Each structure stands twice: as C-alpha cells, then as structure tokens.
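Q: Next up is a structure, given as structure tokens.
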Amino acid sequence: MTKTSRPARFLVLVLGGLAMSALACPATAQQVSREQDILNLRLGQRIRVDDGTCPAGQVKEVSGAKMAATGIVRTHKCIPRVAGKTRPETTRQAAPGN
C-alpha cells in the first residue's frame, strides 16, 4: 500500500466531492410556449411545451430521442402537468365559548 501525504488525500477528497456534486445536480425540464422556440435540442434533453395541443391537465414533452444523420430526432408525448405545491385550505372552527 502506498503512503500519501495528508494534503494529497485532502485534495483528492475535495476534487471527488466536487465531481460528485456536479453529477448530482437535479435535472429540470425547461418550459416554452411554442415548439418553434426550441432551437438546440440535445440528446436526452426534455422540454415541456405549453401550446394547448394536449388534453386538459397535460402538457407536451419534446425530447431528444436518438441521433440521426440529420441531427437529433425529436419525440413528442403528452404528460401530466405538474402543479405547484399548494397548501390546502383549512377552515377555522370557533372554539367553544367564543
């Protein structure tokens, strides 16, 4: 087993931690209002298009599916619209004696 200095081990741990944090960033889907607004779709990228072509409660998702000689092949599908978190309405009940 090779002995390494303490600063070298620290450097390896810091660089490894930075690499892991870069890989662990959550992937978020972009949202546009028209499909024509998508200019450079990358392989595996997903973009939500809210153009009204899907049924109520759904939004169109365009994704870069595979590589072809002419570029990235797009696929389209309707997915459930993700609503923002809302707090449920709570009703206050009067305490007895009020």
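Lettering and numbering for the structure tokens are positional, with chains as A, B, ... in the shown order, residues counted from 1 in each chain, and ligands counted from 1 in the shown order.
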Residues at most 6 Å from Gly64 in chain A, counting only C-alpha atoms, excluding those fewer than 5 positions away in the same chain, as a list of chain:residue names?

A: A:Arg42, A:Leu43, A:Gly44, A:Gln45, A:Ile72, A:Val73, A:Arg74

Q: Within 12 Å of Ile38 in chain A, counting only C-alpha atoms, which residues qualify if same-chain residues fewer than 4 places away don't, as number ranges by chain?

A: A: 30-34, 42, 45-49, 61-64, 74

Q: Save out the residues we just selected, N, CA, C and O atoms, as a PDB file, in the first residue's frame.

A:
ATOM      1  N   GLN A  30     -37.098  22.407 -19.011  1.00  0.00           N
ATOM      2  CA  GLN A  30     -37.461  23.757 -19.398  1.00  0.00           C
ATOM      3  C   GLN A  30     -38.880  23.746 -19.911  1.00  0.00           C
ATOM      4  O   GLN A  30     -39.391  22.727 -20.344  1.00  0.00           O
ATOM      5  N   GLN A  31     -39.530  24.919 -19.893  1.00  0.00           N
ATOM      6  CA  GLN A  31     -40.872  25.019 -20.432  1.00  0.00           C
ATOM      7  C   GLN A  31     -40.938  26.228 -21.350  1.00  0.00           C
ATOM      8  O   GLN A  31     -40.486  27.314 -20.993  1.00  0.00           O
ATOM      9  N   VAL A  32     -41.470  26.009 -22.548  1.00  0.00           N
ATOM     10  CA  VAL A  32     -41.650  27.074 -23.524  1.00  0.00           C
ATOM     11  C   VAL A  32     -43.098  27.072 -23.974  1.00  0.00           C
ATOM     12  O   VAL A  32     -43.844  26.115 -23.742  1.00  0.00           O
ATOM     13  N   SER A  33     -43.516  28.150 -24.647  1.00  0.00           N
ATOM     14  CA  SER A  33     -44.914  28.233 -25.071  1.00  0.00           C
ATOM     15  C   SER A  33     -45.133  27.750 -26.503  1.00  0.00           C
ATOM     16  O   SER A  33     -46.263  27.451 -26.883  1.00  0.00           O
ATOM     17  N   ARG A  34     -44.079  27.685 -27.307  1.00  0.00           N
ATOM     18  CA  ARG A  34     -44.203  27.188 -28.676  1.00  0.00           C
ATOM     19  C   ARG A  34     -43.053  26.237 -28.986  1.00  0.00           C
ATOM     20  O   ARG A  34     -41.937  26.446 -28.519  1.00  0.00           O
ATOM     21  N   ARG A  42     -30.740  18.869 -27.284  1.00  0.00           N
ATOM     22  CA  ARG A  42     -29.639  17.908 -27.120  1.00  0.00           C
ATOM     23  C   ARG A  42     -30.199  16.504 -26.898  1.00  0.00           C
ATOM     24  O   ARG A  42     -31.352  16.331 -26.529  1.00  0.00           O
ATOM     25  N   GLN A  45     -32.320  15.529 -23.703  1.00  0.00           N
ATOM     26  CA  GLN A  45     -32.924  16.725 -23.101  1.00  0.00           C
ATOM     27  C   GLN A  45     -34.439  16.668 -23.264  1.00  0.00           C
ATOM     28  O   GLN A  45     -34.960  16.218 -24.274  1.00  0.00           O
ATOM     29  N   ARG A  46     -35.155  17.135 -22.234  1.00  0.00           N
ATOM     30  CA  ARG A  46     -36.618  17.166 -22.266  1.00  0.00           C
ATOM     31  C   ARG A  46     -37.090  18.587 -22.054  1.00  0.00           C
ATOM     32  O   ARG A  46     -36.654  19.258 -21.126  1.00  0.00           O
ATOM     33  N   ILE A  47     -37.982  19.031 -22.913  1.00  0.00           N
ATOM     34  CA  ILE A  47     -38.540  20.379 -22.814  1.00  0.00           C
ATOM     35  C   ILE A  47     -40.055  20.271 -22.869  1.00  0.00           C
ATOM     36  O   ILE A  47     -40.607  19.594 -23.742  1.00  0.00           O
ATOM     37  N   ARG A  48     -40.714  20.933 -21.933  1.00  0.00           N
ATOM     38  CA  ARG A  48     -42.178  20.947 -21.906  1.00  0.00           C
ATOM     39  C   ARG A  48     -42.681  22.122 -22.721  1.00  0.00           C
ATOM     40  O   ARG A  48     -42.200  23.237 -22.584  1.00  0.00           O
ATOM     41  N   VAL A  49     -43.662  21.846 -23.585  1.00  0.00           N
ATOM     42  CA  VAL A  49     -44.230  22.863 -24.463  1.00  0.00           C
ATOM     43  C   VAL A  49     -45.695  23.030 -24.104  1.00  0.00           C
ATOM     44  O   VAL A  49     -46.483  22.092 -24.228  1.00  0.00           O
ATOM     45  N   GLU A  61     -44.401  17.088 -23.982  1.00  0.00           N
ATOM     46  CA  GLU A  61     -42.985  16.979 -23.674  1.00  0.00           C
ATOM     47  C   GLU A  61     -42.243  16.570 -24.942  1.00  0.00           C
ATOM     48  O   GLU A  61     -42.547  15.557 -25.549  1.00  0.00           O
ATOM     49  N   VAL A  62     -41.291  17.409 -25.350  1.00  0.00           N
ATOM     50  CA  VAL A  62     -40.459  17.139 -26.516  1.00  0.00           C
ATOM     51  C   VAL A  62     -39.104  16.695 -25.996  1.00  0.00           C
ATOM     52  O   VAL A  62     -38.522  17.356 -25.139  1.00  0.00           O
ATOM     53  N   SER A  63     -38.613  15.568 -26.493  1.00  0.00           N
ATOM     54  CA  SER A  63     -37.313  15.086 -26.019  1.00  0.00           C
ATOM     55  C   SER A  63     -36.448  14.670 -27.197  1.00  0.00           C
ATOM     56  O   SER A  63     -36.948  14.247 -28.238  1.00  0.00           O
ATOM     57  N   GLY A  64     -35.146  14.829 -26.991  1.00  0.00           N
ATOM     58  CA  GLY A  64     -34.185  14.385 -27.993  1.00  0.00           C
ATOM     59  C   GLY A  64     -33.978  12.899 -27.834  1.00  0.00           C
ATOM     60  O   GLY A  64     -33.321  12.464 -26.895  1.00  0.00           O
ATOM     61  N   ARG A  74     -36.569  14.150 -32.636  1.00  0.00           N
ATOM     62  CA  ARG A  74     -37.454  14.566 -31.540  1.00  0.00           C
ATOM     63  C   ARG A  74     -38.622  13.607 -31.387  1.00  0.00           C
ATOM     64  O   ARG A  74     -39.137  13.091 -32.377  1.00  0.00           O
TER      65      ARG A  74
END

Q: What gap, in Å, lies between CA of Cys78 in chain A and CA of Pro55 in chain A?

A: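 A separation of 8.0 Å between them.
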
Q: Which one of A:Leu13, A:Ala65, A:Ala8, A:Arg81 sits closest to Asp50 in chain A if you count only C-alpha atoms?

A: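 With only C-alpha atoms as the atom set, the closest residue is A:Arg81.
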
Q: Excluding same-chain residues fewer than 3 positions from Cys54 in chain A, what lies within 9 Å of it counting only C-alpha atoms, as an MDAnalysis selection string?

A: chainID A and resid 50:51 57:60 77:79

Q: With C-alpha atoms retained, export the selected residues as a CSV table (one decimal), in the first residue's frame.

A:
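Written file, out.csv:
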chain,number,residue,atom,x,y,z
A,50,ASP,CA,-47.4,24.5,-23.3
A,51,ASP,CA,-49.1,25.2,-26.6
A,57,GLY,CA,-54.3,18.8,-17.3
A,58,GLN,CA,-51.4,17.7,-19.6
A,59,VAL,CA,-48.5,19.3,-21.3
A,60,LYS,CA,-46.5,18.2,-24.4
A,77,LYS,CA,-45.8,12.9,-25.8
A,78,CYS,CA,-48.4,14.3,-23.5
A,79,ILE,CA,-47.6,14.1,-19.8

Q: Give the strand (DSSP E or B) residues of range 22-76 of chain A, as DSSP finds them on the backbone, and put them as a ChimeraX atom specification.

A: /A:30-32,46-49,58-68,71-76
